[in-house]
$ cat target-v5.csv   # CSV, C-alpha atoms
chain,number,residue,atom,x,y,z
A,1,MET,CA,-81.7,-47.1,44.1
A,2,ARG,CA,-80.8,-46.9,40.5
A,3,PRO,CA,-78.7,-44.1,39.3
A,4,ALA,CA,-80.5,-41.6,37.1
A,5,THR,CA,-80.0,-42.1,33.5
A,6,SER,CA,-80.0,-39.7,30.6
A,7,CYS,CA,-83.3,-41.0,29.6
A,8,SER,CA,-85.0,-40.0,32.8
A,9,LYS,CA,-83.9,-36.3,32.5
A,10,PRO,CA,-86.2,-35.6,29.5
A,11,VAL,CA,-89.1,-37.3,31.4
A,12,ILE,CA,-88.5,-35.0,34.4
A,13,ALA,CA,-88.3,-32.0,32.2
A,14,ILE,CA,-91.6,-32.9,30.5
A,15,ALA,CA,-93.2,-33.5,33.9
A,16,ALA,CA,-91.9,-30.2,35.1
A,17,ILE,CA,-93.3,-28.4,32.1
A,18,ALA,CA,-96.6,-30.1,32.5
A,19,ALA,CA,-96.8,-29.2,36.2
A,20,LEU,CA,-96.1,-25.6,35.3
A,21,ALA,CA,-98.7,-25.6,32.6
A,22,LEU,CA,-101.3,-27.1,35.0
A,23,GLY,CA,-100.2,-24.8,37.8
A,24,GLY,CA,-100.3,-21.7,35.5
A,25,GLY,CA,-103.8,-22.7,34.4
A,26,LEU,CA,-104.9,-22.8,38.0
A,27,VAL,CA,-103.4,-19.4,38.6
A,28,THR,CA,-105.3,-17.8,35.7
A,29,ALA,CA,-108.5,-19.5,36.7
A,30,GLN,CA,-108.2,-17.9,40.2
A,31,SER,CA,-107.4,-14.4,38.9
A,32,ALA,CA,-110.4,-14.4,36.5
A,33,PRO,CA,-113.4,-12.4,37.7
A,34,ASP,CA,-115.9,-14.3,39.8
A,35,ALA,CA,-116.7,-16.9,37.2
A,36,GLU,CA,-119.0,-18.9,39.5
A,37,ASN,CA,-121.6,-16.2,40.1
A,38,GLY,CA,-120.6,-13.6,37.4
A,39,ARG,CA,-120.1,-9.9,37.9
A,40,TYR,CA,-123.4,-9.0,36.4
A,41,THR,CA,-127.0,-10.1,37.2
A,42,MET,CA,-129.3,-9.8,34.2
A,43,THR,CA,-133.1,-9.5,34.4
A,44,PRO,CA,-135.1,-9.6,31.2
A,45,THR,CA,-137.4,-6.6,30.5
A,46,PRO,CA,-139.8,-5.9,27.5
A,47,GLU,CA,-137.2,-3.5,26.0
A,48,GLY,CA,-134.2,-5.7,26.6
A,49,VAL,CA,-132.2,-6.5,29.8
A,50,LEU,CA,-131.7,-4.8,33.1
A,51,ARG,CA,-128.1,-5.3,34.2
A,52,LEU,CA,-126.9,-5.0,37.8
A,53,ASP,CA,-123.2,-4.7,38.5
A,54,THR,CA,-122.7,-6.8,41.7
A,55,ARG,CA,-119.4,-5.1,42.4
A,56,THR,CA,-120.4,-1.4,42.1
A,57,GLY,CA,-124.2,-1.6,42.4
A,58,THR,CA,-124.8,0.4,39.3
A,59,VAL,CA,-127.9,-0.5,37.2
A,60,SER,CA,-128.0,-0.3,33.4
A,61,THR,CA,-130.6,-0.9,30.8
A,62,CYS,CA,-129.4,-2.9,27.8
A,63,SER,CA,-131.1,-3.1,24.5
A,64,LYS,CA,-130.3,-4.5,21.1
A,65,ASN,CA,-130.1,-2.0,18.3
A,66,GLY,CA,-128.8,-2.2,14.7
A,67,THR,CA,-125.1,-2.3,15.6
A,68,GLY,CA,-125.4,-4.7,18.6
A,69,TRP,CA,-126.2,-4.4,22.3
A,70,ALA,CA,-126.0,-1.0,24.0
A,71,CYS,CA,-126.2,-0.5,27.8
A,72,TYR,CA,-127.0,2.9,29.4
A,73,ALA,CA,-126.6,3.6,33.1
A,74,VAL,CA,-129.9,4.2,35.0
A,75,PRO,CA,-129.6,7.5,36.8
A,76,ASP,CA,-129.2,7.1,40.6
A,77,GLU,CA,-132.2,9.0,41.9
A,78,ARG,CA,-131.1,8.7,45.5
A,79,THR,CA,-128.0,10.8,44.9
A,80,ALA,CA,-130.1,13.5,43.2
A,81,LEU,CA,-132.7,13.5,46.0
A,82,ASP,CA,-130.0,13.7,48.7
A,83,ALA,CA,-128.4,16.7,46.8
A,84,GLU,CA,-131.8,18.4,46.6
A,85,ILE,CA,-132.5,17.8,50.3
A,86,GLY,CA,-129.1,19.3,51.2
A,87,ARG,CA,-129.7,22.3,49.0
A,88,LEU,CA,-133.1,22.9,50.6
A,89,GLN,CA,-131.8,22.5,54.1
A,90,ALA,CA,-129.1,25.1,53.4
A,91,GLU,CA,-131.7,27.5,52.0
A,92,VAL,CA,-134.0,27.0,55.1
A,93,GLU,CA,-131.1,27.8,57.4
A,94,LYS,CA,-130.3,30.9,55.3
A,95,LEU,CA,-133.9,32.1,55.5
A,96,LYS,CA,-134.1,31.4,59.2
A,97,ALA,CA,-131.0,33.6,59.7
A,98,GLN,CA,-132.6,36.4,57.6
A,99,VAL,CA,-135.8,36.3,59.6
A,100,ALA,CA,-133.8,36.3,62.9
A,101,ALA,CA,-131.8,39.4,61.6
A,102,GLY,CA,-135.0,41.4,61.3
A,103,PRO,CA,-137.2,42.7,58.5
A,104,THR,CA,-135.5,44.2,55.5
A,105,VAL,CA,-137.2,46.0,52.7
A,106,SER,CA,-135.5,46.0,49.3
A,107,GLY,CA,-136.6,47.6,46.1
A,108,LYS,CA,-139.0,50.3,45.4
A,109,ILE,CA,-142.6,50.1,46.6
A,110,ASP,CA,-145.3,51.2,44.1
A,111,GLU,CA,-147.7,52.5,46.7
A,112,ALA,CA,-147.2,54.8,49.6
A,113,LEU,CA,-147.3,53.1,53.0
A,114,PRO,CA,-150.5,53.7,55.0
A,115,LYS,CA,-150.3,56.3,57.8
A,116,SER,CA,-152.2,54.0,60.2
A,117,ASP,CA,-151.0,50.7,61.5
A,118,PRO,CA,-152.7,48.0,59.5
A,119,LEU,CA,-152.2,45.4,62.3
A,120,LYS,CA,-154.0,47.6,64.8
A,121,LYS,CA,-157.5,46.3,65.4
A,122,SER,CA,-160.2,48.9,65.0
A,123,GLU,CA,-163.2,49.0,67.4
A,124,PRO,CA,-166.3,47.4,66.0
A,125,LYS,CA,-168.8,49.9,64.8
A,126,VAL,CA,-172.0,50.2,66.7
A,127,ALA,CA,-175.2,50.7,64.6
A,128,ASP,CA,-178.7,51.1,66.0
A,129,GLY,CA,-177.8,50.0,69.4
A,130,GLU,CA,-176.5,46.6,68.3
A,131,ARG,CA,-172.9,45.6,68.0
A,132,LYS,CA,-172.1,44.6,64.4
A,133,ILE,CA,-168.7,43.7,63.1
A,134,GLU,CA,-167.9,44.9,59.7
A,135,ILE,CA,-165.2,43.0,57.7
A,136,PRO,CA,-163.6,45.0,54.9
A,137,LEU,CA,-163.4,43.3,51.6
A,138,PRO,CA,-160.0,42.7,49.9
A,139,SER,CA,-158.9,45.2,47.3
A,140,ASP,CA,-158.4,44.3,43.6
A,141,GLN,CA,-154.7,44.5,44.3
A,142,ASP,CA,-155.0,41.9,47.1
A,143,VAL,CA,-157.1,39.6,44.8
A,144,ASP,CA,-154.5,40.0,42.0
A,145,ARG,CA,-151.7,39.1,44.4
A,146,VAL,CA,-153.5,36.0,45.6
A,147,MET,CA,-154.4,34.9,42.0
A,148,SER,CA,-150.7,35.4,40.9
A,149,PHE,CA,-149.5,33.3,43.8
A,150,LEU,CA,-152.0,30.5,43.0
A,151,GLU,CA,-151.1,30.6,39.3
A,152,ARG,CA,-147.4,30.2,40.1
A,153,ALA,CA,-148.0,27.4,42.6
A,154,TRP,CA,-150.2,25.6,40.0
A,155,ARG,CA,-147.5,25.9,37.3
A,156,ARG,CA,-144.9,24.6,39.7
A,157,LEU,CA,-147.1,21.7,40.6
A,158,ILE,CA,-147.7,20.8,36.9
A,159,GLU,CA,-144.0,21.1,36.1
A,160,MET,CA,-143.1,18.8,39.1
A,161,ALA,CA,-145.7,16.2,37.9
A,162,ASN,CA,-144.2,16.3,34.4
A,163,ARG,CA,-140.7,15.8,35.8
A,164,VAL,CA,-141.8,12.9,37.9
A,165,GLN,CA,-143.6,11.4,34.9
A,166,LYS,CA,-140.5,11.7,32.7
A,167,ASP,CA,-138.3,10.2,35.5
A,168,VAL,CA,-140.6,7.2,35.8
A,169,SER,CA,-140.8,6.7,32.1
A,170,GLY,CA,-137.0,6.9,31.8
A,171,LYS,CA,-136.9,9.9,29.5
A,172,ILE,CA,-134.6,12.0,31.7

$ encode --input "target-v5.csv" --output "structure tokens"
Amino acid sequence: MRPATSCSKPVIAIAAIAALALGGGLVTAQSAPDAENGRYTMTPTPEGVLRLDTRTGTVSTCSKNGTGWACYAVPDERTALDAEIGRLQAEVEKLKAQVAAGPTVSGKIDEALPKSDPLKKSEPKVADGERKIEIPLPSDQDVDRVMSFLERAWRRLIEMANRVQKDVSGKI
């Protein structure tokens, strides 16, 4: 073996620096975000691009405007639906507990309560030797209550349809 000369020391130093540079390049390539597949998956849409973040699962709509591209997160309907289901289940349990506790009357009643039991069935009236059943007609107040209920239900249905239409069109 030959003894190392002073000429070979700079060559070793250069080789060491080159190895560090190459090794450092490998380290930075490994720490970069998933360069092979990319973090985002893009799908073209008529308005721009639909972007899916493969790490978090969030979906965004991206469109080009005067200043550049802008991305807005698409609301997660599942979370909102789960929250509403939970709220409704809690309300159902509360109402079941109230029904189990017994009837409660709150507020002032406009009309006096009837002296007879409205649930008690009256005997059918007999006329001319034949048995005929007479069915009393509902009062104006009963008809008004039914109409009021139907109007409220119809309005709620229309509001719900409008909300669904806005959600589908993305104008939340």

$ closest_residue --input "target-v5.csv" --among "A:Ser169, A:Gln141, A:Lys132, A:Val92" --to "Glu111 in chain A" --atoms "only C-alpha atoms"
A:Gln141

$ residues_near_point --input "target-v5.csv" --point "(-129.4, -8.8, 35.2)" --cutoff "12 Å" --atoms "all atoms listed in the file" --output "list in words"
Asn37, Gly38, Arg39, Tyr40, Thr41, Met42, Thr43, Pro44, Thr45, Gly48, Val49, Leu50, Arg51, Leu52, Asp53, Thr54, Gly57, Thr58, Val59, Ser60, Thr61, Cys62 and Cys71 of chain A

$ atom_distance --input "target-v5.csv" --atom1 "CA of Glu47 in chain A" --atom2 "CA of Pro75 in chain A"
17.2 Å

$ atom_distance --input "target-v5.csv" --atom1 "CA of Gly170 in chain A" --atom2 "CA of Tyr72 in chain A"
11.0 Å

$ atom_distance --input "target-v5.csv" --atom1 "CA of Glu134 in chain A" --atom2 "CA of Val146 in chain A"
22.0 Å
